[in-house]
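data.txt, holding compact mmCIF, C-alpha atoms (C1' of nucleotides):
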```txt
# COMPACT_ATOMS: atom_id res chain seq x y z
CA MET C 916 -55.30 -60.66 51.95
CA ARG C 917 -51.77 -60.42 50.60
CA VAL C 918 -51.11 -64.00 51.55
CA LYS C 919 -54.26 -65.17 49.83
CA GLU C 920 -53.29 -63.39 46.65
CA MET C 921 -49.80 -64.83 46.75
CA ILE C 922 -51.14 -68.35 47.17
CA ALA C 923 -53.60 -67.87 44.36
CA ARG C 924 -50.89 -66.58 42.04
CA ASN C 925 -48.11 -68.95 42.98
CA THR C 926 -50.21 -72.04 42.45
CA ARG C 927 -51.61 -70.74 39.15
CA LEU C 928 -54.82 -72.65 39.49
CA PRO C 929 -56.32 -73.57 36.13
CA GLY C 930 -59.57 -71.95 35.01
CA GLN C 931 -61.85 -70.11 37.39
CA LEU C 932 -64.16 -70.82 40.28
CA LEU C 933 -67.78 -71.65 39.62
CA ALA C 934 -70.80 -69.72 40.86
CA ARG C 935 -72.50 -71.20 43.91
CA THR C 936 -75.87 -70.81 42.23
CA LEU C 937 -74.82 -73.60 39.87
CA PHE C 938 -74.86 -75.99 42.83
CA GLU C 939 -78.10 -74.79 44.37
CA GLY C 940 -80.33 -76.67 41.96
CA THR C 941 -81.58 -80.20 42.45
CA PRO C 942 -78.87 -82.85 42.09
CA GLU C 943 -80.23 -84.36 38.87
CA ARG C 944 -80.00 -80.89 37.31
CA VAL C 945 -76.58 -80.06 38.73
CA ALA C 946 -74.90 -83.38 37.99
CA PRO C 947 -74.59 -83.13 34.20
CA ARG C 948 -73.32 -79.57 34.48
CA LEU C 949 -70.34 -80.75 36.53
CA LEU C 950 -69.09 -82.94 33.71
CA GLY C 951 -65.97 -81.44 32.16
CA LYS C 952 -65.16 -79.30 35.20
CA LEU C 953 -61.82 -79.65 37.00
CA LEU C 954 -61.41 -81.04 40.49
CA VAL C 955 -58.26 -79.38 41.80
CA ARG C 956 -56.26 -80.38 44.86
CA ARG C 957 -53.67 -77.99 46.24
CA VAL C 958 -50.85 -79.70 48.11
CA GLY C 959 -48.84 -77.18 50.07
CA GLU C 960 -48.02 -74.01 48.19
CA ARG C 961 -46.56 -75.49 45.04
CA GLU C 962 -47.94 -78.85 44.13
CA LEU C 963 -51.15 -79.13 42.15
CA LEU C 964 -53.18 -82.19 41.29
CA ALA C 965 -56.13 -81.90 38.96
CA GLY C 966 -58.53 -84.08 37.04
CA ARG C 967 -61.44 -83.47 34.72
CA ILE C 968 -64.77 -84.80 35.97
CA VAL C 969 -66.01 -87.37 33.47
CA GLU C 970 -68.54 -89.32 35.56
CA VAL C 971 -70.89 -88.36 38.40
CA GLU C 972 -73.99 -89.67 40.15
CA ALA C 973 -76.83 -87.69 41.68
CA TYR C 974 -78.25 -88.62 45.09
CA LEU C 975 -81.57 -87.09 46.03
CA GLY C 976 -82.18 -85.53 49.42
CA PRO C 977 -85.11 -86.42 51.70
CA HIS C 978 -87.05 -83.33 50.53
CA HIS C 979 -86.99 -84.43 46.91
CA GLU C 980 -90.28 -85.62 45.43
CA THR C 981 -88.62 -88.88 44.38
CA PRO C 982 -87.53 -91.02 47.34
CA ASP C 983 -83.89 -92.09 47.16
CA PRO C 984 -83.12 -94.73 49.79
CA ALA C 985 -79.61 -95.05 48.37
CA ALA C 986 -78.72 -91.55 49.54
CA HIS C 987 -76.81 -91.10 52.79
CA SER C 988 -79.15 -88.24 53.67
CA HIS C 989 -82.24 -90.40 53.18
CA ARG C 990 -82.97 -90.80 56.90
CA GLY C 991 -82.18 -87.22 57.82
CA PRO C 992 -79.13 -85.55 59.35
CA THR C 993 -76.57 -87.54 61.35
CA PRO C 994 -73.08 -86.63 62.55
CA ARG C 995 -71.64 -88.28 59.44
CA ASN C 996 -73.77 -86.60 56.79
CA GLN C 997 -74.30 -83.15 58.31
CA VAL C 998 -72.31 -81.45 55.54
CA LEU C 999 -74.98 -82.52 53.06
CA PHE C 1000 -77.54 -80.43 54.92
CA GLY C 1001 -75.32 -77.36 54.82
CA PRO C 1002 -74.83 -74.87 51.98
CA ALA C 1003 -74.19 -75.97 48.40
CA GLY C 1004 -70.72 -76.43 47.03
CA HIS C 1005 -69.10 -78.10 50.03
CA ALA C 1006 -67.31 -81.45 50.00
CA TYR C 1007 -68.84 -84.44 51.75
CA VAL C 1008 -66.15 -87.11 52.21
CA TYR C 1009 -67.01 -90.43 53.81
CA ALA C 1010 -65.19 -93.68 54.48
CA ILE C 1011 -66.37 -96.91 52.92
CA TYR C 1012 -65.44 -100.58 53.32
CA GLY C 1013 -62.97 -99.71 56.01
CA ARG C 1014 -60.25 -98.68 53.61
CA TYR C 1015 -61.47 -96.16 51.06
CA PHE C 1016 -63.01 -92.71 50.76
CA CYS C 1017 -65.60 -91.26 48.40
CA MET C 1018 -66.24 -87.58 47.69
CA ASN C 1019 -69.53 -85.81 47.09
CA ILE C 1020 -70.50 -82.22 46.44
CA ALA C 1021 -73.44 -80.88 48.42
CA CYS C 1022 -76.22 -79.39 46.31
CA GLU C 1023 -79.36 -77.37 46.96
CA PRO C 1024 -79.80 -74.56 49.49
CA GLU C 1025 -79.01 -75.12 53.17
CA GLY C 1026 -81.48 -77.49 54.77
CA ARG C 1027 -81.79 -79.70 51.72
CA ALA C 1028 -79.36 -82.52 51.20
CA GLY C 1029 -79.09 -83.54 47.57
CA CYS C 1030 -75.54 -84.25 46.43
CA ILE C 1031 -73.30 -85.35 43.58
CA LEU C 1032 -70.92 -88.28 43.90
CA VAL C 1033 -67.79 -87.75 41.82
CA ARG C 1034 -67.09 -91.13 40.24
CA ALA C 1035 -64.26 -90.63 37.76
CA LEU C 1036 -61.64 -88.12 36.67
CA GLU C 1037 -59.44 -87.82 33.63
CA PRO C 1038 -56.01 -86.97 35.10
CA VAL C 1039 -54.89 -83.53 33.94
CA MET C 1040 -52.16 -82.27 36.28
CA GLY C 1041 -49.79 -84.15 38.57
CA MET C 1042 -50.27 -87.60 37.08
CA GLU C 1043 -46.91 -88.80 38.42
CA GLN C 1044 -47.90 -87.91 41.97
CA MET C 1045 -51.31 -89.47 41.46
CA ALA C 1046 -49.61 -92.74 40.52
CA ARG C 1047 -47.49 -92.54 43.65
CA ASN C 1048 -50.54 -91.80 45.77
CA ARG C 1049 -52.23 -94.84 44.26
CA GLY C 1050 -49.24 -97.07 44.95
CA LEU C 1051 -48.77 -97.75 41.24
CA PRO C 1052 -45.48 -98.07 39.36
CA ALA C 1053 -44.09 -94.81 38.01
CA LEU C 1054 -45.71 -93.69 34.80
CA GLU C 1055 -43.59 -93.69 31.70
CA PHE C 1056 -44.27 -90.90 29.27
CA ARG C 1057 -43.22 -90.89 25.69
CA GLU C 1058 -41.25 -87.94 24.38
CA GLY C 1059 -43.43 -84.88 24.06
CA HIS C 1060 -46.27 -86.33 26.04
CA ASN C 1061 -45.21 -85.32 29.51
CA ARG C 1062 -47.03 -81.99 29.37
CA ALA C 1063 -50.21 -82.70 27.47
CA PHE C 1064 -52.27 -85.65 28.52
CA PRO C 1065 -51.21 -88.66 26.46
CA PRO C 1066 -53.77 -90.54 24.38
CA LEU C 1067 -55.85 -92.85 26.50
CA PRO C 1068 -55.19 -96.52 25.98
CA LEU C 1069 -58.52 -98.25 25.77
CA GLU C 1070 -57.09 -101.63 26.67
CA ARG C 1071 -54.94 -102.63 29.60
CA ARG C 1072 -51.29 -102.39 28.73
CA LYS C 1073 -49.57 -105.70 28.19
CA ASP C 1074 -46.32 -104.68 29.86
CA GLY C 1075 -48.05 -104.31 33.22
CA ALA C 1076 -47.64 -100.55 33.41
CA PRO C 1077 -50.63 -98.80 34.95
CA ASP C 1078 -53.59 -98.11 32.73
CA LEU C 1079 -54.16 -94.38 32.85
CA ARG C 1080 -57.85 -95.03 33.31
CA MET C 1081 -57.04 -96.65 36.60
CA LEU C 1082 -55.36 -93.55 38.01
CA ALA C 1083 -58.59 -91.79 38.98
CA GLY C 1084 -61.39 -93.81 37.37
CA GLY C 1085 -63.58 -94.80 40.28
CA PRO C 1086 -64.90 -92.87 43.28
CA SER C 1087 -62.28 -94.17 45.71
CA ARG C 1088 -59.46 -94.31 43.19
CA LEU C 1089 -59.84 -90.59 42.56
CA CYS C 1090 -59.77 -89.85 46.28
CA GLN C 1091 -56.63 -91.90 46.63
CA ALA C 1092 -55.05 -90.25 43.58
CA LEU C 1093 -55.73 -86.75 44.87
CA GLY C 1094 -55.06 -87.66 48.50
CA ILE C 1095 -58.58 -86.79 49.61
CA THR C 1096 -59.50 -87.94 53.13
CA ARG C 1097 -62.40 -87.33 55.45
CA ALA C 1098 -60.19 -85.91 58.17
CA ALA C 1099 -58.55 -83.36 55.89
CA HIS C 1100 -61.27 -82.45 53.41
CA ASN C 1101 -64.78 -83.18 54.66
CA GLY C 1102 -66.74 -79.93 54.74
CA LEU C 1103 -64.33 -77.86 52.65
CA ASP C 1104 -65.87 -75.19 50.45
CA LEU C 1105 -65.07 -76.18 46.87
CA LEU C 1106 -65.92 -72.68 45.64
CA ASP C 1107 -63.40 -70.83 47.82
CA ALA C 1108 -60.11 -69.77 46.23
CA ARG C 1109 -58.28 -70.50 49.50
CA SER C 1110 -59.56 -74.06 49.73
CA ALA C 1111 -57.24 -77.03 49.32
CA LEU C 1112 -59.94 -78.64 47.19
CA GLN C 1113 -61.78 -76.74 44.47
CA VAL C 1114 -63.98 -77.27 41.46
CA ARG C 1115 -62.99 -75.02 38.57
CA ASP C 1116 -64.04 -74.28 35.01
CA ASP C 1117 -61.37 -74.10 32.33
CA GLY C 1118 -63.84 -73.63 29.50
CA PHE C 1119 -64.07 -77.27 28.51
CA CYS C 1120 -67.43 -77.95 26.87
CA ALA C 1121 -69.10 -81.26 27.56
CA GLY C 1122 -70.48 -82.81 24.39
CA ARG C 1123 -72.74 -85.82 24.57
CA VAL C 1124 -73.70 -86.87 28.07
CA ARG C 1125 -74.83 -90.45 28.70
CA VAL C 1126 -77.43 -91.00 31.41
CA THR C 1127 -77.63 -94.44 33.01
CA ALA C 1128 -78.57 -96.20 36.21
CA ARG C 1129 -76.24 -95.74 39.16
CA ILE C 1130 -73.56 -98.28 39.97
CA GLY C 1131 -72.95 -100.39 43.04
CA ILE C 1132 -76.12 -99.68 44.99
CA ARG C 1133 -78.95 -101.92 46.16
CA HIS C 1134 -81.78 -99.45 46.69
CA ALA C 1135 -83.35 -97.32 43.96
CA ALA C 1136 -81.00 -98.97 41.51
CA GLU C 1137 -83.18 -98.13 38.50
CA LEU C 1138 -83.19 -94.35 38.77
CA PRO C 1139 -81.34 -92.79 35.81
CA LEU C 1140 -78.99 -90.64 37.89
CA ARG C 1141 -75.53 -91.51 36.59
CA PHE C 1142 -74.05 -89.07 34.11
CA CYS C 1143 -70.84 -89.42 32.11
CA LEU C 1144 -69.11 -87.92 29.10
CA ASP C 1145 -70.31 -90.37 26.48
CA GLY C 1146 -67.63 -92.88 25.56
CA HIS C 1147 -64.88 -91.26 27.62
CA GLY C 1148 -62.00 -93.65 28.31
CA CYS C 1149 -61.75 -92.81 32.02
CA MET C 1150 -65.26 -93.64 33.17
CA SER C 1151 -65.67 -96.44 35.68
CA GLY C 1152 -67.94 -99.45 35.43
CA PRO C 1153 -69.07 -101.37 32.37
CA ARG C 1154 -67.90 -99.93 29.07
CA GLN C 1155 -71.26 -100.29 27.40
CA MET C 1156 -74.18 -99.41 29.61
CA ARG C 1157 -77.78 -98.94 28.62
CA GLY C 1158 -78.94 -95.36 28.81
CA LEU C 1159 -80.00 -92.20 27.05
CA VAL C 1160 -77.76 -89.59 25.47
CA MET C 1161 -78.41 -85.92 26.02
CA VAL C 1162 -76.69 -82.83 24.67
CA LEU C 1163 -76.24 -79.97 27.10
CA GLY C 1164 -77.82 -76.72 25.96
C1' DA W 321 -73.59 -103.82 73.62
C1' DG W 322 -73.64 -106.18 69.45
C1' DG W 323 -74.55 -107.18 64.65
C1' DC W 324 -74.90 -105.96 60.00
C1' DC W 325 -73.38 -104.04 55.83
C1' DG W 326 -71.82 -100.73 52.43
C1' DA W 327 -72.18 -94.97 46.64
C1' DT W 328 -65.07 -100.11 46.59
C1' DC W 329 -60.93 -102.11 45.01
C1' DC W 330 -57.90 -105.76 44.02
C1' DT W 331 -56.68 -110.49 43.01
C1' DC W 332 -57.54 -114.73 41.28
C1' DT W 333 -59.97 -118.11 38.24
C1' DG P 947 -67.15 -113.22 37.33
C1' DA P 948 -66.47 -114.20 42.27
C1' DG P 949 -64.72 -113.45 46.82
C1' DG P 950 -62.08 -111.26 50.56
C1' DA P 951 -60.30 -107.19 53.12
C1' DT P 952 -61.79 -104.11 56.83
C1' DC P 953 -64.21 -100.68 59.95
C1' DG P 954 -67.27 -96.74 60.93
C1' DG P 955 -71.92 -95.73 61.16
C1' DC P 956 -76.46 -96.91 61.99
C1' DC P 957 -80.08 -99.94 63.68
C1' DT P 958 -82.00 -103.10 67.04
C1' DA P 959 -82.35 -104.86 71.60
```

Could I get this file's structure written as structure tokens?
Amino acid sequence: MRVKEMIARNTRLPGQLLARTLFEGTPERVAPRLLGKLLVRRVGERELLAGRIVEVEAYLGPHHETPDPAAHSHRGPTPRNQVLFGPAGHAYVYAIYGRYFCMNIACEPEGRAGCILVRALEPVMGMEQMARNRGLPALEFREGHNRAFPPLPLERRKDGAPDLRMLAGGPSRLCQALGITRAAHNGLDLLDARSALQVRDDGFCAGRVRVTARIGIRHAAELPLRFCLDGHGCMSGPRQMRGLVMVLG
DNA sequence: AGGCCGATCCTCT
DNA sequence: GAGGATCGGCCTA
């Protein structure tokens, strides 16, 4: 207990943990509520990497009334996707294309397998380490901008320096930036203060949320299950995408 | 046992 | 905008 408290204090994690009930709803209900939350990676006892969730996609479990053949859980439990059928709030990390990882958050009560794919983060803490993790050149910060997040460039920089959007904009880019792997992080409880990977709330209020079709899938490609902070510079995919705008209440 | 293919990213045109 | 890298998981035989 003492050790846990020391870790919690020494790392000074931003914000606070979320309630598990938030994740026990259906994925299309949970997804927009994750926008603006922080995904926090603890590295050892001191280092902290964090990004604000600006884009997510919902994937519907096999019990959902709407079939979702794009979901990994669509055909029922397998050794790979078993975390999705467990309790809400746990990380499902899988490998894709032989070289990358993607991270999901399990939703719904145990036995149901809806989930949220985290697709893009706005880097908040540890940007320099994120750039190193991504194999990008060192970031250069202007005077006074090394603490607060610098303004987002909306166009690629001409000098070849990394576009800050590219640090963690994209489901595999964000895993690379935070050092998330299947071996180390699949199954972790994101709502446990001792976990190396957590979702936390620092009070940020999501404004307008854009709802569009999901990206990069073949099946059920029309379902409006992608949610992003409208117009945010760090979202992945096409800049202008057809969709509805909702305001969270 | 073998084949297919993906919730991606990067490079090049 | 197109194509290649690269391999684990899942399906078929």

Å distance separating atom CA of Gln1113 of chain C from atom CA of Glu1043 of chain C, one decimal place: 20.1 Å

For chain C versus chain W, which residues have an atom no more than 10 Å away, and what is each residue's nearest atom pair and distance in Å rounded to one decimal, using all atoms listed in the file, chain-then-number order, as JSON lines?
```
{"residue": "C:Glu972", "atom": "CA", "partner": "W:DA327", "partner_atom": "C1'", "distance": 8.6}
{"residue": "C:Ala973", "atom": "CA", "partner": "W:DA327", "partner_atom": "C1'", "distance": 10.0}
{"residue": "C:Tyr974", "atom": "CA", "partner": "W:DA327", "partner_atom": "C1'", "distance": 8.9}
{"residue": "C:Ala985", "atom": "CA", "partner": "W:DA327", "partner_atom": "C1'", "distance": 7.6}
{"residue": "C:Ala986", "atom": "CA", "partner": "W:DA327", "partner_atom": "C1'", "distance": 7.9}
{"residue": "C:His987", "atom": "CA", "partner": "W:DA327", "partner_atom": "C1'", "distance": 8.6}
{"residue": "C:Tyr1009", "atom": "CA", "partner": "W:DA327", "partner_atom": "C1'", "distance": 9.9}
{"residue": "C:Ala1010", "atom": "CA", "partner": "W:DG326", "partner_atom": "C1'", "distance": 9.9}
{"residue": "C:Ile1011", "atom": "CA", "partner": "W:DG326", "partner_atom": "C1'", "distance": 6.7}
{"residue": "C:Tyr1012", "atom": "CA", "partner": "W:DG326", "partner_atom": "C1'", "distance": 6.4}
{"residue": "C:Gly1013", "atom": "CA", "partner": "W:DG326", "partner_atom": "C1'", "distance": 9.6}
{"residue": "C:Arg1014", "atom": "CA", "partner": "W:DT328", "partner_atom": "C1'", "distance": 8.6}
{"residue": "C:Tyr1015", "atom": "CA", "partner": "W:DT328", "partner_atom": "C1'", "distance": 7.0}
{"residue": "C:Phe1016", "atom": "CA", "partner": "W:DT328", "partner_atom": "C1'", "distance": 8.7}
{"residue": "C:Cys1017", "atom": "CA", "partner": "W:DA327", "partner_atom": "C1'", "distance": 7.8}
{"residue": "C:Met1018", "atom": "CA", "partner": "W:DA327", "partner_atom": "C1'", "distance": 9.5}
{"residue": "C:Asn1019", "atom": "CA", "partner": "W:DA327", "partner_atom": "C1'", "distance": 9.5}
{"residue": "C:Leu1032", "atom": "CA", "partner": "W:DA327", "partner_atom": "C1'", "distance": 7.3}
{"residue": "C:Val1033", "atom": "CA", "partner": "W:DA327", "partner_atom": "C1'", "distance": 9.7}
{"residue": "C:Arg1034", "atom": "CA", "partner": "W:DA327", "partner_atom": "C1'", "distance": 9.0}
{"residue": "C:Gly1085", "atom": "CA", "partner": "W:DT328", "partner_atom": "C1'", "distance": 8.4}
{"residue": "C:Pro1086", "atom": "CA", "partner": "W:DT328", "partner_atom": "C1'", "distance": 8.0}
{"residue": "C:Ser1087", "atom": "CA", "partner": "W:DT328", "partner_atom": "C1'", "distance": 6.6}
{"residue": "C:Arg1088", "atom": "CA", "partner": "W:DC329", "partner_atom": "C1'", "distance": 8.1}
{"residue": "C:Arg1129", "atom": "CA", "partner": "W:DA327", "partner_atom": "C1'", "distance": 8.5}
{"residue": "C:Ile1130", "atom": "CA", "partner": "W:DA327", "partner_atom": "C1'", "distance": 7.6}
{"residue": "C:Gly1131", "atom": "CA", "partner": "W:DA327", "partner_atom": "C1'", "distance": 6.6}
{"residue": "C:Ile1132", "atom": "CA", "partner": "W:DA327", "partner_atom": "C1'", "distance": 6.4}
{"residue": "C:Arg1133", "atom": "CA", "partner": "W:DG326", "partner_atom": "C1'", "distance": 9.6}
```

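Interatomic distance, atom CA of Val955 of chain C against atom CA of Leu1079 of chain C: 17.9 Å.
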
Check: which chain P residues lie within 12 Å of chain C using all atoms listed in the file, as JSON, numbers by chain: {"P": [950, 951, 952, 953, 954, 955, 956, 957]}

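All residues of protein, DNA or RNA that reach within 8 Å of segment 1137-1139 of chain C, judged by all atoms listed in the file and not counting those fewer than 5 positions away in the chain, are Val1126, Thr1127, Ala1128, Arg1129 and Gly1158 of chain C.
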
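Near Pro984 of chain C, within a cut-off of 10 Å and counting all atoms listed in the file, sit the residues Tyr974, Leu975, Gly976, Pro977, His989, Arg990, Ile1132, Arg1133, His1134, Ala1135 and Ala1136 of chain C, with same-chain residues fewer than 5 positions away left out.
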
Name the residues in contact with Arg1115 of chain C at a cut-off of 7 Å, using only C-alpha atoms (C1' of nucleotides), excluding same-chain residues fewer than 6 positions from it; report them as a PyMOL selection string. chain C and resi 930-933+952-954

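Applying the 10 Å criterion to (-60.1, -85.9, 56.0) in file coordinates and using all atoms listed in the file, one obtains the residues Tyr1007, Val1008, Tyr1009, Ala1010, Phe1016, Gly1094, Ile1095, Thr1096, Arg1097, Ala1098, Ala1099, His1100, Asn1101, Gly1102 and Leu1103 of chain C.
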
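With atom CA of Cys1120 of chain C on one side and atom CA of Glu970 of chain C on the other, the separation reads 14.4 Å.
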